[in-house]
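Below: one structure, written as structure tokens.
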Amino acid sequence: MQTATPVPHDVSYLDYQGKYKGIFAWIFSTDHKRIALLYLYSMMTMFTVGVLLGLAMKLELIAPGRTIMGPQTYNSLFTVHGVIMIFMIVIPGLPAVFGNFMLPIMIGAKDVAFPRINLMSWYFYVAGAFLVLASVLFGNGTPDTGWTFYAPYSFKTGTNLLPAIFGAFILGFSSILTGLNFIVTIHRMRAPGMTWFKMPLFPWSLYGTAWIQLLATPVVGITLVLVALERIFGIGVFDPALGGDPVLYQHLFWIYSHPAVYVMILPAMGAISEIIPTFSQKHIFGYKAIIASTLAIAFVGYFVWGHHMFTSGMSGTAQYTFSVLTFLVAIPSAIKVFNWISTMHKASINPDIPFLWAISFIFVFMIGGFSGLVLGALATNVYVHDTAFVVAHFHFIVFGGVGFSFFGAIHYWFPKMFGRMYDKVWAKVGWAFFFVGFLTLYSPMFYLGMMGMPRRYYDYLPEFHAANILSSLGSWVMTFGLLIIVINLFRSAKNGAIAPMNPWNGKTLEWTVPSPPPVENYEEIPVYGEKDGPYEY
Amino acid sequence: MEHVTQHSDPHFDQEASKLGMWLFIFTELLLFGGLFIVYSIYRFLNPESFQLASHELNPVIGAINTIILLVSSMTIAMSTSALQKKNKGLTVLLLEITIMLALIFLINKYFEWGVKFEHGIWPGSSHLVNDMSKGEILFFGLYFVMTGLHALHIIVGMIIIIVALRRVQKGTVNPDRPSLLENAGLYWHLVDLIWIFLFPLFYLIH
């Protein structure tokens, strides 16, 4: 990276000609903005695969009995859909794309603390993605365990599970390196004068997220290694035939994978906390309360993993404790919702596209959150455990939360990232189709679950038919909306109208650099004065 | 490994590099932490078998290996202070000794595992699965996983130390920019620390 000539400041990161040419100028680039786009494109590829798998599942469920596939294929579909969507889209999603792109700019830095490690973590991401895809394409059968790899089936199944497990392990490593990078960046590279409590809320949410990534991922890493060793050598730790305990696997798995839910949702909340004050043109209400609730969610999130296992065999005391702790997480989440609503109170709101995504985020997030309380309560949990209700709940939270926030964020920061504006009419049409389709797709599943339709079956009883048709129709409407959104963004990245430096009149630092930003972001590092702050309207 | 990749960056920050290393060490501790949890649960459930199985291990070799690692931790710490005192020759010598000690540790480990294999004990072996109790199967399963993973860390640590050694010789790691060597030392102490817990858990508790 030692360049003799200084990097020119009037060249944008998209046009910059460095040592390498063509595609190598991207895959060898340590510029955080280029790495962010690398992540964006690789994620869109994987997301397309995941969406197609989901569509196929909904098509299978459009009628009882075998429609287009048998049980084994269906099992493989929900496994690969889950692995791709969880490990490759929603966990790395916002941090790897918008975190990488915006974090250094928002805190007034020229790059992250370790640019090369940043690039390395993208390499790990790609390697992990290839391994997972290899498990689909080669070997004797696609994995069929579900994305949770539950023991003992994960080492009994004859399918090609090892590449998928190693893929998930490597993706975890990528996640750890990103988290490590962000923590050091935030500690060491904030602009002079930007104290902790002058930092914008998106970096704050990345900070909480990074700690979870760092402290929880190794546990699932070692757990996946143990499953792999169990498969290869038969070490016995999770095999009841050899003295091991499969429930222990579930504990170790959820010790990570529950905090991972907060890895998904915290940055999503962070992006919403940026969009809402900008489009309300008002100081965010309860800035410190939002930070405190971010940290509280990150902290309490570690102690609730047992609520995935209420029916797996735990003592009553453990069940009550996990249930109570689960309810506690609802409090900081609700605090955030109150803060967002209060920010909008008496504001002159500009209901532009990012804002539409933000309020629809709040809407689906609340439905997801309240249904989470149904699952967190012991009695109702036993009733709806492993039914379509659970599937509806986590798609509202995970896809509704992260998906809506992701699309909100991309419509919010798109002019900054590509220097061009998208077509607002098409963006609104896409949003409307997506929103309606989303609700049509997942809402019937609440009803189906309550009526007793189990998840993870390719078949169901005839009385569930009507609601399933509705849900499958929803999946087409939503995908149609998705197509409109993606095509609109793709076309606008090339041909859209040139975007100004600050199209939304935002007050955070990324709106003070040109669109698209120059290679090193700032010619001179900005300085925060006594009266400056991220939301001073 | 940020120290490896970071060193020629124009915006170099020693403190950031060290902070990054400490965070990485946290993740390593949690990685082994998962294994320690598994170990303690199964020890609690099968106290007699674990005690019986631990007699198969030789505490003398274990103790020798513990001493070897402790001395190697000392030599790498001394190499850091030798660098601070601008004594390049001594720094290099101490790092070479550290690498030698690590190698001796691995050779010992090799013979130890070899003895187990001779006795027909390895994960999934018919002697282990058919003739021994479930607690013993778990003990040896964990023994091979945990000491194996630790040995892997020794190997990674050696590679990092070799890189540090070459950079000291070339002068890119110097008294003004010692962070690669310091981070190699931190990593090595971590590897040592984990062994300090593995040794009593497998060899000593009866």
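Ligands are numbered from 1 in the order shown, chains are lettered A, B, ... in the order of the structure tokens, and residues start at 1 in each chain.
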Identify every residue of chain A that has at least one atom within 9 Å of any atom of chain B, counting only C-alpha atoms, and report the result as an MDAnalysis selection string.
chainID A and resid 1:3 113:117 176:177 180:181 183:185 187:188 214:223 226 229 233:237 241:245 248 252
Compile the contact shell of region 461-466 of chain A as a PyMOL selection string: residues with an atom at most 12 Å away, counting only C-alpha atoms, same-chain residues fewer than 5 positions apart removed.
chain A and resi 60-65+388+444-454+471-473
N, CA and C atoms of the current selection, written as an mmCIF file, in the first residue's frame:
data_model
loop_
_atom_site.group_PDB
_atom_site.id
_atom_site.type_symbol
_atom_site.label_atom_id
_atom_site.label_comp_id
_atom_site.auth_asym_id
_atom_site.auth_seq_id
_atom_site.Cartn_x
_atom_site.Cartn_y
_atom_site.Cartn_z
ATOM 1 N N GLU A 60 -44.227 -25.634 -3.898
ATOM 2 C CA GLU A 60 -44.548 -26.996 -3.437
ATOM 3 C C GLU A 60 -45.749 -26.968 -2.494
ATOM 4 N N LEU A 61 -45.813 -25.926 -1.667
ATOM 5 C CA LEU A 61 -46.866 -25.881 -0.648
ATOM 6 C C LEU A 61 -48.174 -25.297 -1.176
ATOM 7 N N ILE A 62 -48.270 -25.040 -2.458
ATOM 8 C CA ILE A 62 -49.497 -24.432 -2.973
ATOM 9 C C ILE A 62 -50.641 -25.438 -2.952
ATOM 10 N N ALA A 63 -50.336 -26.708 -2.900
ATOM 11 C CA ALA A 63 -51.384 -27.728 -2.801
ATOM 12 C C ALA A 63 -50.880 -28.854 -1.920
ATOM 13 N N PRO A 64 -51.772 -29.530 -1.203
ATOM 14 C CA PRO A 64 -51.332 -30.654 -0.377
ATOM 15 C C PRO A 64 -50.780 -31.778 -1.247
ATOM 16 N N GLY A 65 -49.967 -32.621 -0.634
ATOM 17 C CA GLY A 65 -49.373 -33.721 -1.373
ATOM 18 C C GLY A 65 -48.208 -33.260 -2.200
ATOM 19 N N ALA A 388 -45.757 -23.603 11.703
ATOM 20 C CA ALA A 388 -45.585 -22.500 10.760
ATOM 21 C C ALA A 388 -45.571 -21.152 11.480
ATOM 22 N N PRO A 444 -50.396 -15.417 6.665
ATOM 23 C CA PRO A 444 -51.179 -16.655 6.797
ATOM 24 C C PRO A 444 -50.466 -17.726 7.609
ATOM 25 N N MET A 445 -49.154 -17.649 7.667
ATOM 26 C CA MET A 445 -48.422 -18.685 8.408
ATOM 27 C C MET A 445 -48.684 -18.598 9.908
ATOM 28 N N PHE A 446 -48.968 -17.373 10.424
ATOM 29 C CA PHE A 446 -49.351 -17.264 11.841
ATOM 30 C C PHE A 446 -50.594 -18.101 12.093
ATOM 31 N N TYR A 447 -51.571 -17.905 11.203
ATOM 32 C CA TYR A 447 -52.832 -18.633 11.328
ATOM 33 C C TYR A 447 -52.588 -20.136 11.193
ATOM 34 N N LEU A 448 -51.813 -20.521 10.170
ATOM 35 C CA LEU A 448 -51.563 -21.947 9.943
ATOM 36 C C LEU A 448 -50.897 -22.594 11.146
ATOM 37 N N GLY A 449 -49.936 -21.877 11.726
ATOM 38 C CA GLY A 449 -49.245 -22.417 12.891
ATOM 39 C C GLY A 449 -50.189 -22.582 14.066
ATOM 40 N N MET A 450 -51.018 -21.567 14.289
ATOM 41 C CA MET A 450 -51.985 -21.651 15.384
ATOM 42 C C MET A 450 -52.937 -22.830 15.177
ATOM 43 N N MET A 451 -53.275 -23.109 13.912
ATOM 44 C CA MET A 451 -54.168 -24.228 13.628
ATOM 45 C C MET A 451 -53.434 -25.562 13.679
ATOM 46 N N GLY A 452 -52.098 -25.507 13.813
ATOM 47 C CA GLY A 452 -51.356 -26.744 14.026
ATOM 48 C C GLY A 452 -50.598 -27.278 12.834
ATOM 49 N N MET A 453 -50.349 -26.459 11.829
ATOM 50 C CA MET A 453 -49.561 -26.972 10.710
ATOM 51 C C MET A 453 -48.075 -26.946 11.060
ATOM 52 N N PRO A 454 -47.417 -28.118 11.074
ATOM 53 C CA PRO A 454 -45.999 -28.142 11.437
ATOM 54 C C PRO A 454 -45.136 -27.555 10.333
ATOM 55 N N SER A 471 -50.594 -17.671 0.836
ATOM 56 C CA SER A 471 -49.185 -17.459 1.138
ATOM 57 C C SER A 471 -48.329 -17.612 -0.120
ATOM 58 N N SER A 472 -48.634 -18.631 -0.930
ATOM 59 C CA SER A 472 -47.844 -18.819 -2.154
ATOM 60 C C SER A 472 -48.055 -17.665 -3.128
ATOM 61 N N LEU A 473 -49.295 -17.162 -3.221
ATOM 62 C CA LEU A 473 -49.550 -15.989 -4.068
ATOM 63 C C LEU A 473 -48.703 -14.813 -3.593
#
With a distance cut-off of 8 Å and only C-alpha atoms, select the neighbouring residues of region 331-348 of chain A, excluding the residue or stretch itself and same-chain residues fewer than 6 positions from it, and output the selection as a short mmCIF file (atom, residue, chain, number, x, y, z; two decimals) with N, CA and C atoms, in the first residue's frame.
data_model
loop_
_atom_site.label_atom_id
_atom_site.label_comp_id
_atom_site.auth_asym_id
_atom_site.auth_seq_id
_atom_site.Cartn_x
_atom_site.Cartn_y
_atom_site.Cartn_z
N SER A 273 -32.35 4.21 12.60
CA SER A 273 -32.09 5.38 13.44
C SER A 273 -31.40 6.50 12.68
N ILE A 276 -34.67 7.89 10.04
CA ILE A 276 -35.81 8.61 10.61
C ILE A 276 -35.50 10.07 10.95
N PRO A 277 -34.39 10.38 11.65
CA PRO A 277 -34.15 11.81 11.89
C PRO A 277 -33.91 12.60 10.61
N SER A 280 -37.24 13.25 9.09
CA SER A 280 -38.07 14.09 9.95
C SER A 280 -37.44 15.46 10.11
N GLN A 281 -36.18 15.61 9.67
CA GLN A 281 -35.44 16.87 9.82
C GLN A 281 -35.49 17.33 11.27
N LYS A 282 -35.23 16.37 12.15
CA LYS A 282 -35.29 16.67 13.58
C LYS A 282 -34.20 15.90 14.28
N HIS A 283 -33.74 16.43 15.41
CA HIS A 283 -32.81 15.68 16.25
C HIS A 283 -33.47 14.38 16.68
N ILE A 284 -32.70 13.29 16.67
CA ILE A 284 -33.28 12.01 17.08
C ILE A 284 -33.71 12.10 18.55
N PHE A 285 -34.88 11.57 18.83
CA PHE A 285 -35.38 11.62 20.20
C PHE A 285 -34.68 10.53 21.02
N GLY A 286 -34.14 10.92 22.19
CA GLY A 286 -33.56 9.93 23.09
C GLY A 286 -32.32 9.26 22.52
N ALA A 289 -30.73 7.00 24.97
CA ALA A 289 -31.57 5.83 25.26
C ALA A 289 -31.41 4.79 24.16
N ILE A 290 -31.27 5.27 22.93
CA ILE A 290 -31.09 4.33 21.82
C ILE A 290 -29.76 3.59 21.96
N SER A 293 -30.08 1.13 24.77
CA SER A 293 -30.87 -0.05 24.43
C SER A 293 -30.10 -0.94 23.45
N THR A 294 -29.27 -0.34 22.59
CA THR A 294 -28.42 -1.17 21.71
C THR A 294 -27.52 -2.06 22.55
N ALA A 296 -27.86 -2.83 25.68
CA ALA A 296 -28.63 -3.75 26.51
C ALA A 296 -29.06 -4.97 25.70
N ILE A 297 -29.49 -4.74 24.46
CA ILE A 297 -29.89 -5.87 23.62
C ILE A 297 -28.68 -6.78 23.39
N ILE A 362 -40.74 -0.55 10.87
CA ILE A 362 -41.29 -0.51 12.23
C ILE A 362 -42.54 -1.38 12.32
#
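Restricting the calculation to only C-alpha atoms, the smallest distance between Thr508 (chain A) and any of A:Arg231, A:His307, A:Lys494, A:Lys198 is found for A:Lys198.
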Could you list, as a ChimeraX atom specification, every residue within 8 Å of Thr80 (chain B), counting only C-alpha atoms and ignoring same-chain residues fewer than 3 positions away?
/B:76-77,83-84,91,178,181-182,185
Could you write out that same residue set with C-alpha atoms as an mmCIF file, in the first residue's frame?
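out-v5.cif written:
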data_model
loop_
_atom_site.group_PDB
_atom_site.id
_atom_site.type_symbol
_atom_site.label_atom_id
_atom_site.label_comp_id
_atom_site.auth_asym_id
_atom_site.auth_seq_id
_atom_site.Cartn_x
_atom_site.Cartn_y
_atom_site.Cartn_z
ATOM 1 C CA ILE B 76 9.820 -14.890 23.725
ATOM 2 C CA ALA B 77 9.142 -12.321 26.457
ATOM 3 C CA LEU B 83 14.540 -5.749 21.022
ATOM 4 C CA GLN B 84 13.692 -2.776 23.203
ATOM 5 C CA THR B 91 16.432 -11.064 19.938
ATOM 6 C CA PRO B 178 7.869 -3.791 17.663
ATOM 7 C CA LEU B 181 6.935 -9.247 17.694
ATOM 8 C CA GLU B 182 4.806 -8.158 20.641
ATOM 9 C CA GLY B 185 4.476 -12.937 21.966
#
Excluding Tyr442 (chain A) and its own-chain neighbours fewer than 4 positions away, which residues fall within 8 Å of it when counting only C-alpha atoms? Please give them as a PyMOL selection string.
chain A and resi 392+395-396+438+446+471+474
Pick the closest to Ile99 (chain B) from B:Ile161, B:Ala53, B:Met78, B:Val115: which is it, counting only C-alpha atoms?
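Using only C-alpha atoms, Ile99 (chain B) sits closest to B:Ile161.
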In Å, with one decimal, what is the gap from CA of Glu524 (chain A) to CA of Trp511 (chain A)?
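A separation of 15.0 Å between them.
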At what distance in Å, to one decimal, does CA of Ala127 (chain A) lie from CA of Leu152 (chain B)?
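We find that CA of Leu152 (chain B) and CA of Ala127 (chain A) lie 21.1 Å from each other.
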Extract the full set of helix (DSSP H, G or I) residues from region 298-479 of chain A according to DSSP on the backbone, and format it as a VMD selection string.
chain A and resid 298 to 303 305 to 308 316 to 344 353 to 376 378 to 384 388 to 418 424 to 450 462 to 479
So what do you get for CA of Pro517 (chain A) versus CA of Gln213 (chain A), distance-wise?
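Spanning CA of Pro517 (chain A) to CA of Gln213 (chain A) is a straight-line distance of 28.2 Å.
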Phe47 (chain A) surroundings by only C-alpha atoms, 8 Å radius, close-in-sequence under 4 positions cut, as a compact mmCIF listing (two decimals) with N, CA and C atoms, in the first residue's frame:
# COMPACT_ATOMS: atom_id res chain seq x y z
N MET A 43 -23.42 -10.81 -2.25
CA MET A 43 -24.63 -11.10 -1.49
C MET A 43 -25.85 -11.14 -2.40
N VAL A 51 -33.67 -16.76 -2.73
CA VAL A 51 -35.06 -16.42 -3.07
C VAL A 51 -35.66 -17.49 -3.97
N ILE A 84 -27.96 -20.33 3.38
CA ILE A 84 -27.61 -19.15 2.57
C ILE A 84 -28.16 -17.88 3.21
N MET A 85 -29.44 -17.89 3.54
CA MET A 85 -30.06 -16.66 4.03
C MET A 85 -29.48 -16.24 5.38
N ILE A 89 -26.49 -13.87 4.13
CA ILE A 89 -27.22 -12.64 3.85
C ILE A 89 -27.49 -11.85 5.13
Please provide the set of residues having any atom within 10 Å of Tyr153 (chain A), restricted to only C-alpha atoms, with same-chain residues fewer than 6 positions apart removed, written as a ChimeraX atom specification.
/A:144-145,239,246
